[in-house]
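Undergrad: Structure provided below as structure tokens; questions to follow.
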4 protein chains.
Amino acid sequence: MSLEKVVIVGASGYSGEELVCILSRHPNVELTAITSRQQVGKTLGEVYPKFASTTYASLKFIDSTIEAISATGAKFVFLALPHGVATEFARPLVAAGLRVLDLSADFRIKDVSVYKEYYGEDHLAPELAALSVYGLPEIYREEIRNAQLIACPGCYPTSMLVPLIPLMKRHLIKPGSICVSSMSGVSGAGRNAKVDLLYVECNESLRPYSVPKHRHLAEVEQELTIAAGENVRINFTPHLVPVNRGILTTIYAAPADGIESWHFENAYAEDYKASPFVRILKGDALPDTKNVTGTNFIDIAWRLDSRTCRVVIMSAEDNLVKGASGQAVQCLNVMCGWAETTGLIG
Amino acid sequence: MSLEKVVIVGASGYSGEELVCILSRHPNVELTAITSRQQVGKTLGEVYPKFASTTYASLKFIDSTIEAISATGAKFVFLALPHGVATEFARPLVAAGLRVLDLSADFRIKDVSVYKEYYGEDHLAPELAALSVYGLPEIYREEIRNAQLIACPGCYPTSMLVPLIPLMKRHLIKPGSICVSSMSGVSGAGRNAKVDLLYVECNESLRPYSVPKHRHLAEVEQELTIAAGENVRINFTPHLVPVNRGILTTIYAAPADGIESWHFENAYAEDYKASPFVRILKGDALPDTKNVTGTNFIDIAWRLDSRTCRVVIMSAEDNLVKGASGQAVQCLNVMCGWAETTGLIG
Amino acid sequence: MSLEKVVIVGASGYSGEELVCILSRHPNVELTAITSRQQVGKTLGEVYPKFASTTYASLKFIDSTIEAISATGAKFVFLALPHGVATEFARPLVAAGLRVLDLSADFRIKDVSVYKEYYGEDHLAPELAALSVYGLPEIYREEIRNAQLIACPGCYPTSMLVPLIPLMKRHLIKPGSICVSSMSGVSGAGRNAKVDLLYVECNESLRPYSVPKHRHLAEVEQELTIAAGENVRINFTPHLVPVNRGILTTIYAAPADGIESWHFENAYAEDYKASPFVRILKGDALPDTKNVTGTNFIDIAWRLDSRTCRVVIMSAEDNLVKGASGQAVQCLNVMCGWAETTGLIG
Amino acid sequence: MSLEKVVIVGASGYSGEELVCILSRHPNVELTAITSRQQVGKTLGEVYPKFASTTYASLKFIDSTIEAISATGAKFVFLALPHGVATEFARPLVAAGLRVLDLSADFRIKDVSVYKEYYGEDHLAPELAALSVYGLPEIYREEIRNAQLIACPGCYPTSMLVPLIPLMKRHLIKPGSICVSSMSGVSGAGRNAKVDLLYVECNESLRPYSVPKHRHLAEVEQELTIAAGENVRINFTPHLVPVNRGILTTIYAAPADGIESWHFENAYAEDYKASPFVRILKGDALPDTKNVTGTNFIDIAWRLDSRTCRVVIMSAEDNLVKGASGQAVQCLNVMCGWAETTGLIG
């Protein structure tokens with residue numbers, strides 16, 4: 001089988017670096033180009049010493065231009081760019097017939113007024129937002145198969161939507177009852193030279209931020225509303241904690257009347273029986289980010305609390321893998337008709 | 001002024017060590033004895049190299065017996081012992097007229113059936129539980145003043161009760177609506193040689209535990225029920241995160257009808273105007289454990305979310321100081337009629 | 001090609017766990033059994049939740065007996081056992097014709113009196129120590145090819161020997177001048193429930209230990225003596241630092257008269273041109289453990305200091321991979337005639 | 001006794017912040033002003049939430065001008081400024097008769113050609129360098145007493161000079177034999193928004209830097225040369241490790257002929273019997289930064305290695321306290337004739 005050529009645009013952030021890592025181990029893919037305006041002409045191994053002597057060590061960064069990308073002959077392009085910048089690339093690439101997997105927030109929100117509310121500016125390409133598919137294979141596997149533009153979900157949304165959607169679809173929990181507390185490793189904030197993200201400021205520090213209206217709420221509520229068939233609004237509080245990677249999400253909700261634990265169990269079993277990256281924990285086990293770090297798994301457990309008539313649902317994922325780059329490669333696998341785990345479980 | 005003699009029973013755990021630290025800087029106190037069955041005859045400086053060359057470096061550990069403690073002439077005794085063991089000491093010490101500050105859970109629960117439900121065994125001294133005062137000075141300052149037995153609150157309960165009680169008393173939030181997510185540093189689990197608490201197991205790990213019924217729920221619900229004047233049941237999920245110290249608690253609740261942010265502000269201002277360790281954050285500030293580490297402060301902020309009709313209340317404290325030893329010393333200050341901050345702010 | 005069957009004896013420590021991880025991705029190997037006296041009958045996925053849904057998730061732990069191991073039909077056995085215990089298994093397995101890769105210290109020391117000096121007891125199988133090959137492929141590649149018993153090097157020794165042996169062989173540095181300071185992540189101390197290894201004791205702590213005579217000195221001096229052709233004694237100080245993984249070693253030595261930087265460069269180029277895991281850093285680059293974590297690479301740089309007539313040589317490796325399990329798999333690759341990087345670079 | 005007024009110029013870095021912390025607890029001092037060009041008009045509590053509700057919470061930052069500083073009436077001024085900037089302040093303040101404690105490197109080097117070699121530019125005030133006293137009270141206590149300008153030592157130099165000077169003075173070790181390996185917490189790099197200092201880049205990372213010629217070598221060799229009475233050149237390799245605070249230094253040296261362990265013991269006992277912050281560890285104890293974090297102590301131990309005829313000397317200190325701000329306050333205590341421990345041990 002000939003290898004599928006792919007390009008990564010903007011490979012100098014944490015997500016881009018993780019994409020290179022994953023694609024280096026992918027048996028069906030040839031990483032044919034990486035782009036970065038600052039690093040043009042340097043090799044991957046020079047810029048990231050960890051990649052020295054690995055498969056793509058001598059691959060050189062090329063300029064981030066449409067011409068350069070098109071010239072590679074690749075059919076698939078990953079965009080690991082800041083919010084707002086992705087659109088500039090997606091439009092001409094999509095127009096040129098390439099299939100684009102965008103890791104930014106640019107195409108996740110279908111309703112441009114919601115986009116404006118959360119991102120503070122007009123959407124630049126509503127027609128692309130309209131045709132994009134939300135890249136959560138556990139939910140949109142069929143739509144992803146033939147999509148031309150994938151809007152890969154945010155790291156926090158993945159940690160909420162995978163556990164919640166099967167429950168919302170079946171009306172197992174009351175839509176107005178959801179409160180979510182998440183904690184994330186610092187890589188989620190990107191490789192940005194800000195005082196708040198310095199080692200000394202983050203180590204031995206636990207802190208909430210963006211309360212009460214983090215941007216990721218927009219896509220979470222959009223998808224929960226679709227699943228529930230009614231308008232859903234939730235509370236969500238992200239916290240920054242001193243780990244490099246990992247998101248642990250704890251969700252509180254009120255089960256619908258008469259709902260018991262086995263309803264949850266059945267819902268997950270049914271929806272995720274063909275989803276190799278969703279692990280429903282058994283017995284006494286609870287999620288721990290260290291069990292998913294470096295993997296594309298999301299671990300889920302729940303406990304009904306009869307004293308308060310609430311359920312506590314917990315999930316753990318690696319924010320850079322299942323929360324970003326691994327999920328994007330999972331989408332690529334679906335788009336190419338390969339086994340969903342190709343290059344992701346070994 | 002002559003110094004007040006105090007004794008610490010069980011000074012080899014993290015709380016005991018922190019008590020020594022704080023009392024070393026306390027201008028009105030003489031630490032006259034420390035006890036430990038394992039370390040009898042050794043000096044503090046030998047057992048804890050960090051105390052070498054400090055005030056009590058050459059203080060020797062004495063045996064943990066009532067006779068030895070009584071012989072010191074101290075009127076105040078801190079018990080930093082495991083749950084269950086404290087009762088053995090409290091009973092004879094109280095009988096002998098000493099004033100006891102117990103850091104364990106032994107006397108926090110007034111209802112012995114609740115105690116049995118959460119701690120799995122019959123209470124050994126219900127009469128002491130009955131006479132004890134819950135050692136949260138912000139709430140029970142007057143009762144603490146003349147108490148003979150103080151049941152110092154748990155670390156998690158402090159982080160919930162200080163922000164919640166002023167609201168419950170005034171019926172500003174709906175009692176059935178409370179969900180709490182807390183994250184704690186590893187010192188909260190004590191100096192216990194368990195695989196789960198090893199560096200490698202905790203570093204780069206985020207994990208919930210004791211879901212849905214952590215033992216601290218018992219005292220939290222007891223105190224919230226007293227404040228609200230009606231039965232209160234809440235959800236509480238503790239998480240272990242890789243910091244040495246600090247608890248960050250995030251609380252979700254539904255405000256009562258018509259309640260706005262200024263009702264909260266007034267409640268806190270009124271109840272805590274004379275509470276020097278409660279810091280109500282202003283403007284954009286949110287709690288961060290690194291601002292309270294090593295101090296007896298508890299930092300509190302809240303945000304109303306009009307979209308969901310909920311309030312998010314956040315608090316930060318040092319689990320070993322305001323959550324344990326600092327609070328115990330704060331109680332001592334109250335009992336002795338000293339300024340509440342004596343030895344605790346400098 | 002049919003898969004080569006292998007067994008891991010003692011798969012419940014950090015090295016055993018890492019072996020499972022690496023072998024799960026190895027294309028030529030079938031992990032046919034894992035043994036553990038405590039975990040018999042449980043599956044890998046049950047004991048280590050991180051392995052759930054991966055290749056060997058439902059592999060069951062079998063008892064650690066020679067019969068059980070032999071019954072698997074495997075020709076290769078990894079021993080990931082405590083020092084002393086490995087001999088009990090190696091003797092009958094070697095006698096039965098199996099090829100054994102031992103990760104313990106049991107067979108590394110050829111001189112049984114040195115073994116006794118450092119390990120405090122008589123060697124139980126000097127004949128096996130005599131026939132074993134020291135499992136450092138960069139040095140003993142040819143001997144490993146047909147070896148029946150591999151004594152895999154310690155984590156610290158690997159970090160010193162790879163950079164030093166090419167220099168010693170060529171007499172580029174003065175044998176009596178070597179001082180080594182290493183720092184190691186806490187996983188190097190094993191999964192042992194000891195107070196000193198608790199999160200709170202290791203976090204925010206930097207400490208030397210085993211000064212001046214750490215056990216690993218024995219094998220280091222043995223191998224340096226062989227390389228130099230004369231008796232070599234060195235100073236070595238290990239330090240425990242708060243990372244999960246990684247060893248950073250800094251070596252001071254006096255270059256022989258007339259030796260300049262290019263002599264070092266040539267020595268490394270010549271000796272390691274066919275060693276895919278040795279990365280000699282160029283330009284301004286210095287080793288950083290984060291570039292080798294999770295890989296089998298060892299990164300090396302050096303600087304001559306003309307002011308003091310000394311050279312500073314620095315290396316970085318992952319103590320569990322190049323320092324233990326990865327190196328053992330590298331040996332397996334050599335023993336089987338596979339490319340040395342098989343299953344180790346992706 | 002009336003309080004001594006002091007000013008901190010440049011209180012927005014880690015050293016300045018630590019100075020505020022220490023001076024807040026100092027019984028003889030009134031912090032009369034803090035300056036910062038960026039923060040003029042804001043209170044300390046606003047800029048650093050951790051200082052809210054503490055002694056100087058409402059102290060406002062004033063502009064960093066000589067006029068403003070002079071107007072405070074303070075006789076003592078701490079300069080916690082970047083290298084190079086301190087001179088601009090020191091010159092007029094010294095001229096105006098104030099006593100200045102400078103935490104930068106500006107006045108540590110007596111030989112301006114050495115200054116130029118290490119700092120890359122001409123010294124701007126050689127006359128001030130000449131009159132300054134090196135602020136290491138353990139060595140220069142008498143000179144500090146009446147000094148007008150103190151050049152406070154660097155963090156690494158303190159960790160080397162305190163253990164080495166008593167040995168050099170007595171010729172107990174061979175001057176040409178010294179190799180030093182140090183590891184430092186990230187606060188040593190200052191509060192600078194650089195990618196290399198981000199949490200994700202430092203966590204799980206161990207790395208040497210500035211090899212072989214770190215700037216601190218200049219002052220270390222200057223002071224060792226003075227102590228030895230002959231020219232001393234050493235090797236020194238600093239490493240960045242993931243802790244907030246702490247320096248652990250390991251020194252290798254060859255003892256002079258006939259020198260045994262008791263010579264070292266006597267040297268330290270004699271030189272440091274009146275130095276309350278030097279702790280010479282006994283028995284099996286080795287330095288551990290966690291025993292000195294937050295204190296002004298420096299812990300020292302050594303081991304002679306008869307196999308190699310070398311001694312290994314280890315020290316631990318808090319880089320921000322004994323390595324910077326605590327030491328500066330210790331100097332202030334000496335200058336004012338107060339007990340050296342005032343405000344520093346409690």
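By order in the structure tokens, chains are A, B, ...; within a chain, residues start at 1; ligands start at 1, following the order shown.
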Got a sec: who's within 10 Å of Thr293 of chain A, counting only C-alpha atoms, leaving out chain neighbours fewer than 2 positions off, as a compact mmCIF listing (two decimals) with N, CA and C atoms, in the first residue's frame?

TA:
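Wrote it out as result_9.txt, contents follow:
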# COMPACT_ATOMS: atom_id res chain seq x y z
N ASN A 244 1.88 18.29 33.34
CA ASN A 244 2.10 18.67 31.95
C ASN A 244 0.88 18.36 31.10
N ARG A 245 0.32 17.18 31.31
CA ARG A 245 -0.76 16.70 30.47
C ARG A 245 -1.87 16.09 31.29
N GLY A 246 -3.06 16.10 30.70
CA GLY A 246 -4.16 15.42 31.34
C GLY A 246 -5.30 16.36 31.68
N ILE A 247 -6.51 15.87 31.44
CA ILE A 247 -7.71 16.56 31.91
C ILE A 247 -8.52 15.56 32.72
N ASP A 288 -8.04 8.12 36.37
CA ASP A 288 -6.81 8.75 36.83
C ASP A 288 -6.07 9.15 35.56
N THR A 289 -5.71 10.42 35.45
CA THR A 289 -5.09 10.85 34.19
C THR A 289 -3.83 10.07 33.87
N LYS A 290 -3.13 9.57 34.89
CA LYS A 290 -1.88 8.89 34.55
C LYS A 290 -2.11 7.59 33.77
N ASN A 291 -3.32 7.06 33.81
CA ASN A 291 -3.62 5.87 33.01
C ASN A 291 -3.88 6.17 31.54
N THR A 295 -1.85 8.47 25.55
CA THR A 295 -2.73 7.58 24.79
C THR A 295 -3.95 8.36 24.28
N ASN A 296 -4.70 7.71 23.42
CA ASN A 296 -5.92 8.33 22.89
C ASN A 296 -7.18 7.87 23.64
N PHE A 297 -6.98 7.20 24.78
CA PHE A 297 -8.13 6.72 25.53
C PHE A 297 -8.82 7.83 26.32
N ILE A 298 -10.10 7.62 26.53
CA ILE A 298 -10.82 8.41 27.53
C ILE A 298 -11.46 7.41 28.49
N ALA A 316 -11.28 10.95 32.27
CA ALA A 316 -9.86 11.33 32.20
C ALA A 316 -9.38 11.13 30.78
N GLU A 317 -8.61 12.09 30.28
CA GLU A 317 -8.04 11.99 28.94
C GLU A 317 -6.71 12.74 28.94
N ASP A 318 -5.91 12.53 27.92
CA ASP A 318 -4.72 13.35 27.68
C ASP A 318 -5.16 14.51 26.79
N ASN A 319 -5.02 15.73 27.31
CA ASN A 319 -5.51 16.89 26.56
C ASN A 319 -4.84 17.04 25.19
N LEU A 320 -3.60 16.59 25.05
CA LEU A 320 -2.92 16.73 23.76
C LEU A 320 -3.20 15.56 22.82
N VAL A 321 -3.72 14.46 23.33
CA VAL A 321 -3.96 13.29 22.47
C VAL A 321 -5.47 13.20 22.20
N LYS A 322 -6.22 12.54 23.06
CA LYS A 322 -7.66 12.46 22.82
C LYS A 322 -8.27 13.87 22.80
N GLU B 204 2.11 13.85 38.00
CA GLU B 204 1.45 13.69 36.71
C GLU B 204 0.20 12.82 36.81
N SER B 205 -0.50 12.94 37.92
CA SER B 205 -1.75 12.19 38.13
C SER B 205 -2.81 13.12 38.69
N LYS C 50 -4.00 1.20 32.95
CA LYS C 50 -3.53 1.84 31.72
C LYS C 50 -3.44 0.86 30.56

Undergrad: Could you list, as a PyMOL selection string, every residue within 10 Å of Arg108 of chain B, counting only C-alpha atoms and ignoring same-chain residues fewer than 4 positions away?

TA: chain B and resi 102-104+115+128-130+132-135+150-154+216+218-220+222-223

Undergrad: Quick one: contact table of chain C to chain B, 12 Å max, nearest atom pair and distance in Å to one decimal per residue, counting only C-alpha atoms, chain and number order, as a Markdown table?

TA:
| residue | atom | partner | partner_atom | distance |
| --- | --- | --- | --- | --- |
| C:Gly13 | CA | B:Val195 | CA | 11.3 |
| C:Tyr14 | CA | B:Val200 | CA | 9.7 |
| C:Gly185 | CA | B:Val200 | CA | 8.7 |
| C:Val186 | CA | B:Val200 | CA | 6.4 |
| C:Ser187 | CA | B:Val200 | CA | 6.1 |
| C:Gly188 | CA | B:Val200 | CA | 9.8 |
| C:Ala189 | CA | B:Val200 | CA | 9.8 |
| C:Gly190 | CA | B:Val200 | CA | 9.2 |
| C:Arg191 | CA | B:Val195 | CA | 7.0 |
| C:Asn192 | CA | B:Val195 | CA | 6.8 |
| C:Ala193 | CA | B:Val195 | CA | 5.0 |
| C:Lys194 | CA | B:Ala193 | CA | 5.1 |
| C:Val195 | CA | B:Ala193 | CA | 5.0 |
| C:Asp196 | CA | B:Ala193 | CA | 8.5 |
| C:Leu197 | CA | B:Leu198 | CA | 5.7 |
| C:Leu198 | CA | B:Leu198 | CA | 4.1 |
| C:Tyr199 | CA | B:Tyr199 | CA | 3.6 |
| C:Val200 | CA | B:Asn244 | CA | 5.4 |
| C:Glu201 | CA | B:Tyr199 | CA | 8.0 |
| C:Cys202 | CA | B:Tyr199 | CA | 6.4 |
| C:Asn203 | CA | B:Asn244 | CA | 7.1 |
| C:Glu204 | CA | B:Asn244 | CA | 8.4 |
| C:Ser205 | CA | B:Asn244 | CA | 11.1 |
| C:Leu240 | CA | B:Tyr199 | CA | 11.4 |
| C:Val241 | CA | B:Tyr199 | CA | 10.5 |
| C:Pro242 | CA | B:Tyr199 | CA | 7.9 |
| C:Val243 | CA | B:Asn203 | CA | 7.9 |
| C:Asn244 | CA | B:Val200 | CA | 5.4 |
| C:Arg245 | CA | B:Val200 | CA | 8.6 |

Undergrad: If we count only C-alpha atoms, what is near Glu127 of chain C at a cut-off of 12 Å, once residues fewer than 4 positions away on the same chain are taken out, given as an mmCIF file with N, CA and C atoms, in the first residue's frame?

TA:
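The new file selection.cif reads:
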data_model
loop_
_atom_site.group_PDB
_atom_site.id
_atom_site.type_symbol
_atom_site.label_atom_id
_atom_site.label_comp_id
_atom_site.auth_asym_id
_atom_site.auth_seq_id
_atom_site.Cartn_x
_atom_site.Cartn_y
_atom_site.Cartn_z
ATOM 1 N N THR C 87 18.650 -14.743 40.519
ATOM 2 C CA THR C 87 19.474 -15.947 40.397
ATOM 3 C C THR C 87 18.643 -17.224 40.479
ATOM 4 N N ALA C 90 17.231 -17.600 37.039
ATOM 5 C CA ALA C 90 18.178 -17.681 35.925
ATOM 6 C C ALA C 90 18.812 -19.066 35.842
ATOM 7 N N ARG C 91 19.161 -19.623 36.981
ATOM 8 C CA ARG C 91 19.881 -20.900 36.951
ATOM 9 C C ARG C 91 19.087 -21.995 36.231
ATOM 10 N N VAL C 94 18.436 -21.060 32.392
ATOM 11 C CA VAL C 94 19.634 -21.218 31.570
ATOM 12 C C VAL C 94 19.921 -22.708 31.367
ATOM 13 N N ALA C 95 19.791 -23.462 32.455
ATOM 14 C CA ALA C 95 20.034 -24.903 32.359
ATOM 15 C C ALA C 95 19.082 -25.546 31.359
ATOM 16 N N ASP C 106 22.292 -9.103 39.541
ATOM 17 C CA ASP C 106 22.866 -10.387 39.960
ATOM 18 C C ASP C 106 24.061 -10.879 39.149
ATOM 19 N N PHE C 107 24.104 -10.547 37.886
ATOM 20 C CA PHE C 107 25.172 -11.134 37.056
ATOM 21 C C PHE C 107 26.078 -10.096 36.413
ATOM 22 N N ILE C 109 28.514 -8.326 37.930
ATOM 23 C CA ILE C 109 29.859 -8.236 38.501
ATOM 24 C C ILE C 109 30.593 -9.559 38.297
ATOM 25 N N LYS C 110 31.712 -9.492 37.616
ATOM 26 C CA LYS C 110 32.453 -10.717 37.312
ATOM 27 C C LYS C 110 33.264 -11.189 38.508
ATOM 28 N N ASP C 111 33.778 -10.253 39.280
ATOM 29 C CA ASP C 111 34.634 -10.580 40.416
ATOM 30 C C ASP C 111 33.756 -10.748 41.651
ATOM 31 N N VAL C 112 33.646 -12.003 42.117
ATOM 32 C CA VAL C 112 32.690 -12.255 43.201
ATOM 33 C C VAL C 112 33.090 -11.559 44.498
ATOM 34 N N HIS C 123 28.150 -14.380 46.356
ATOM 35 C CA HIS C 123 27.442 -14.579 45.097
ATOM 36 C C HIS C 123 26.975 -16.025 45.018
ATOM 37 N N LEU C 131 29.641 -16.509 32.757
ATOM 38 C CA LEU C 131 29.232 -16.693 31.347
ATOM 39 C C LEU C 131 28.330 -15.568 30.842
ATOM 40 N N SER C 132 27.839 -14.742 31.752
ATOM 41 C CA SER C 132 26.914 -13.688 31.311
ATOM 42 C C SER C 132 27.644 -12.631 30.490
ATOM 43 N N LEU C 149 22.922 -15.566 28.544
ATOM 44 C CA LEU C 149 22.492 -14.810 29.729
ATOM 45 C C LEU C 149 23.015 -13.373 29.628
#

Undergrad: Could you tell me, as a ChimeraX atom specification, which residues of segment 88-244 of chain C DSSP assigns to strand (DSSP E) when given the backbone?

TA: /C:99-102,133-134,149-151,179-184,207-208,235-240

Undergrad: Nearest to Ala125 of chain D among D:Phe264, D:Phe89, D:Tyr140, D:Phe61, with distances taken over only C-alpha atoms: which residue is it?

TA: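 Of D:Phe264, D:Phe89, D:Tyr140, D:Phe61, the one nearest Ala125 of chain D is D:Phe89, counting only C-alpha atoms.
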
Undergrad: Which residues are close to segment 332-339 of chain D, i.e. within 8 Å by only C-alpha atoms, leaving aside same-chain residues fewer than 4 positions away? Reply as a PyMOL selection string.

TA: chain D and resi 101+137+141+144-147+328

Undergrad: For the selection just defined, write its residues with N, CA and C atoms to a file, as a PDB file, in the first residue's frame.

TA:
ATOM      1  N   LEU D 101      22.143  47.841  50.204  1.00  0.00           N
ATOM      2  CA  LEU D 101      22.331  46.392  50.093  1.00  0.00           C
ATOM      3  C   LEU D 101      21.884  45.981  48.700  1.00  0.00           C
ATOM      4  N   PRO D 137      28.050  37.141  55.499  1.00  0.00           N
ATOM      5  CA  PRO D 137      28.370  37.437  56.898  1.00  0.00           C
ATOM      6  C   PRO D 137      29.272  36.387  57.534  1.00  0.00           C
ATOM      7  N   ARG D 141      31.873  39.263  58.315  1.00  0.00           N
ATOM      8  CA  ARG D 141      31.014  39.869  59.334  1.00  0.00           C
ATOM      9  C   ARG D 141      31.525  41.244  59.797  1.00  0.00           C
ATOM     10  N   ILE D 144      31.214  43.963  57.121  1.00  0.00           N
ATOM     11  CA  ILE D 144      29.815  44.324  56.848  1.00  0.00           C
ATOM     12  C   ILE D 144      29.297  45.345  57.860  1.00  0.00           C
ATOM     13  N   ARG D 145      29.759  45.175  59.089  1.00  0.00           N
ATOM     14  CA  ARG D 145      29.255  46.003  60.191  1.00  0.00           C
ATOM     15  C   ARG D 145      29.191  47.494  59.821  1.00  0.00           C
ATOM     16  N   ASN D 146      30.251  47.999  59.234  1.00  0.00           N
ATOM     17  CA  ASN D 146      30.289  49.425  58.930  1.00  0.00           C
ATOM     18  C   ASN D 146      30.258  49.747  57.442  1.00  0.00           C
ATOM     19  N   ALA D 147      29.934  48.751  56.642  1.00  0.00           N
ATOM     20  CA  ALA D 147      29.955  48.967  55.194  1.00  0.00           C
ATOM     21  C   ALA D 147      28.859  49.928  54.774  1.00  0.00           C
ATOM     22  N   ALA D 328      20.629  38.994  52.601  1.00  0.00           N
ATOM     23  CA  ALA D 328      20.659  40.459  52.624  1.00  0.00           C
ATOM     24  C   ALA D 328      20.137  40.983  53.963  1.00  0.00           C
TER      25      ALA D 328
END
